[in-house]
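File shown: upload_32.csv (CSV, C-alpha atoms).
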```
chain,number,residue,atom,x,y,z
A,1,VAL,CA,32.0,142.4,83.0
A,2,ALA,CA,32.3,144.0,86.5
A,3,VAL,CA,34.2,142.1,89.2
A,4,PRO,CA,31.2,141.9,91.5
A,5,ASP,CA,29.2,140.3,88.7
A,6,VAL,CA,31.9,137.7,88.1
A,7,LEU,CA,32.1,137.0,91.8
A,8,ALA,CA,28.3,136.7,92.1
A,9,GLY,CA,28.3,134.4,89.1
A,10,ARG,CA,30.9,132.2,90.7
A,11,GLY,CA,29.0,132.1,94.0
A,12,GLU,CA,25.8,131.1,92.1
A,13,GLY,CA,27.5,128.6,89.9
A,14,ARG,CA,27.2,130.6,86.7
A,15,ALA,CA,30.8,131.5,86.2
A,16,HIS,CA,32.9,128.5,85.2
A,17,ALA,CA,36.2,129.9,83.8
A,18,LEU,CA,38.2,133.1,83.3
A,19,THR,CA,40.1,134.4,80.3
A,20,LEU,CA,43.0,136.7,81.1
A,21,THR,CA,44.9,138.3,78.3
A,22,SER,CA,47.5,140.3,80.3
A,23,SER,CA,49.4,140.1,83.5
A,24,GLU,CA,48.2,143.6,84.3
A,25,GLY,CA,44.6,142.5,83.9
A,26,ALA,CA,45.2,139.6,86.2
A,27,ASP,CA,46.7,141.9,88.8
A,28,ASN,CA,43.9,144.4,88.5
A,29,LEU,CA,41.2,141.6,88.8
A,30,MET,CA,42.8,140.2,91.9
A,31,ARG,CA,43.2,143.7,93.5
A,32,ALA,CA,39.5,144.5,92.8
A,33,ALA,CA,38.3,141.1,94.0
A,34,GLY,CA,39.4,141.5,97.6
A,35,ASP,CA,40.2,138.6,99.9
A,36,GLU,CA,36.9,136.8,99.6
A,37,GLY,CA,36.7,137.3,95.8
A,38,ARG,CA,40.3,136.0,95.4
A,39,ALA,CA,39.2,132.8,97.1
A,40,LEU,CA,36.3,132.4,94.7
A,41,LEU,CA,38.4,133.2,91.6
A,42,ALA,CA,41.0,130.6,92.7
A,43,ARG,CA,38.4,127.9,92.1
A,44,LEU,CA,38.1,128.8,88.4
A,45,PRO,CA,40.4,127.7,85.7
A,46,ALA,CA,42.0,130.8,84.1
A,47,PHE,CA,42.8,130.5,80.4
A,48,VAL,CA,45.7,132.5,79.2
A,49,PRO,CA,47.4,132.9,75.8
A,50,HIS,CA,51.1,133.3,76.8
A,51,PRO,CA,53.5,131.6,79.2
A,52,ARG,CA,54.5,134.9,80.9
A,53,ILE,CA,50.8,135.6,81.7
A,54,ALA,CA,50.4,132.0,82.9
A,55,ASP,CA,53.4,132.5,85.3
A,56,ARG,CA,51.9,135.7,86.7
A,57,VAL,CA,48.4,134.1,87.1
A,58,ARG,CA,49.9,131.1,88.9
A,59,ALA,CA,51.9,133.5,91.2
A,60,LEU,CA,48.6,135.2,92.0
A,61,GLY,CA,47.2,131.8,93.1
A,62,LEU,CA,45.0,131.1,90.1
A,63,ASP,CA,44.8,127.9,88.1
A,64,ALA,CA,46.4,129.0,84.8
A,65,ARG,CA,45.6,127.0,81.7
A,66,LEU,CA,47.9,127.9,78.8
A,67,THR,CA,46.3,128.0,75.4
A,68,PRO,CA,47.6,128.7,71.9
A,69,GLY,CA,48.1,132.5,71.4
A,70,GLY,CA,45.5,135.0,70.4
A,71,ASP,CA,41.7,135.1,70.7
A,72,ALA,CA,41.4,131.9,68.5
A,73,GLY,CA,43.7,130.1,70.9
A,74,LEU,CA,41.8,131.2,73.9
A,75,ILE,CA,38.5,130.0,72.3
A,76,ALA,CA,40.0,126.7,71.3
A,77,GLY,CA,41.3,126.1,74.8
A,78,LEU,CA,38.0,127.0,76.3
A,79,LEU,CA,36.1,124.7,73.9
A,80,GLU,CA,38.4,121.8,74.5
A,81,TRP,CA,38.1,122.2,78.3
A,82,ALA,CA,34.3,122.5,78.0
A,83,ARG,CA,34.1,119.3,75.9
A,84,ALA,CA,36.2,117.3,78.3
A,85,ARG,CA,34.2,118.6,81.2
A,86,THR,CA,30.9,117.7,79.5
A,87,THR,CA,32.0,114.2,78.5
A,88,SER,CA,33.5,113.4,81.9
A,89,ALA,CA,30.3,114.4,83.8
```
Represent the structure contained in this file as structure tokens.
Amino acid sequence: VAVPDVLAGRGEGRAHALTLTSSEGADNLMRAAGDEGRALLARLPAFVPHPRIADRVRALGLDARLTPGGDAGLIAGLLEWARARTTSA
């Protein structure tokens, strides 16, 4: 997904979370987002599969949510977050 699409989705309430699988990916996303985009992305939880990535994502000003490793861990973390969000609404 292109960065402008993610930012537009956040602005329109369609983007609810990010998944970031590398520190380099997080760096590239924030660089591409620009100042306004970084502010929008900072409002989203960012699900990450490794403590080192979580540290970098937090240093970039994002709300890192550490999940178990790998794709299955990311999906499990997202599903748990979505369930909690749905039941608390």
query = Counting all atoms listed in the file, what is within 12 Å of Leu66 (chain A), bar same-chain residues fewer than 3 positions away, as a PyMOL selection string?
reply = chain A and resi 18-21+45-58+63+69-70+73-78+81
Next, the residues of the selection above should be written as a PDB file, in the frame of the given file with C-alpha atoms.
```pdb
ATOM      1  CA  LEU A  18      38.200 133.100  83.300  1.00  0.00           C
ATOM      2  CA  THR A  19      40.100 134.400  80.300  1.00  0.00           C
ATOM      3  CA  LEU A  20      43.000 136.700  81.100  1.00  0.00           C
ATOM      4  CA  THR A  21      44.900 138.300  78.300  1.00  0.00           C
ATOM      5  CA  PRO A  45      40.400 127.700  85.700  1.00  0.00           C
ATOM      6  CA  ALA A  46      42.000 130.800  84.100  1.00  0.00           C
ATOM      7  CA  PHE A  47      42.800 130.500  80.400  1.00  0.00           C
ATOM      8  CA  VAL A  48      45.700 132.500  79.200  1.00  0.00           C
ATOM      9  CA  PRO A  49      47.400 132.900  75.800  1.00  0.00           C
ATOM     10  CA  HIS A  50      51.100 133.300  76.800  1.00  0.00           C
ATOM     11  CA  PRO A  51      53.500 131.600  79.200  1.00  0.00           C
ATOM     12  CA  ARG A  52      54.500 134.900  80.900  1.00  0.00           C
ATOM     13  CA  ILE A  53      50.800 135.600  81.700  1.00  0.00           C
ATOM     14  CA  ALA A  54      50.400 132.000  82.900  1.00  0.00           C
ATOM     15  CA  ASP A  55      53.400 132.500  85.300  1.00  0.00           C
ATOM     16  CA  ARG A  56      51.900 135.700  86.700  1.00  0.00           C
ATOM     17  CA  VAL A  57      48.400 134.100  87.100  1.00  0.00           C
ATOM     18  CA  ARG A  58      49.900 131.100  88.900  1.00  0.00           C
ATOM     19  CA  ASP A  63      44.800 127.900  88.100  1.00  0.00           C
ATOM     20  CA  GLY A  69      48.100 132.500  71.400  1.00  0.00           C
ATOM     21  CA  GLY A  70      45.500 135.000  70.400  1.00  0.00           C
ATOM     22  CA  GLY A  73      43.700 130.100  70.900  1.00  0.00           C
ATOM     23  CA  LEU A  74      41.800 131.200  73.900  1.00  0.00           C
ATOM     24  CA  ILE A  75      38.500 130.000  72.300  1.00  0.00           C
ATOM     25  CA  ALA A  76      40.000 126.700  71.300  1.00  0.00           C
ATOM     26  CA  GLY A  77      41.300 126.100  74.800  1.00  0.00           C
ATOM     27  CA  LEU A  78      38.000 127.000  76.300  1.00  0.00           C
ATOM     28  CA  TRP A  81      38.100 122.200  78.300  1.00  0.00           C
TER      29      TRP A  81
END
```
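From CA of Asp27 (chain A) back to CA of Ala72 (chain A), the distance works out to 23.2 Å.
Between Leu79 (chain A) and the candidates A:Asp35, A:Met30, A:Gly61, A:Thr67, the tightest atom-to-atom separation, counting all atoms listed in the file, involves A:Thr67.
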Box in all listed atoms of region 64-70 of chain A, axis-aligned, with 3 Å more on each side; write out centre and edge lengths in Å to one decimal as lines of an AutoDock Vina configuration file.
```
center_x = 46.8
center_y = 131.0
center_z = 77.6
size_x = 8.6
size_y = 14.0
size_z = 20.4
```
Taken to one decimal, the CA of Ala84 (chain A)-CA of Ala64 (chain A) distance is 16.8 Å
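The nearest approach to Ala26 (chain A) among the residues A:Ala39, A:Ala82, A:Leu44, A:Leu62, with all atoms listed in the file taken into account, belongs to A:Leu62.
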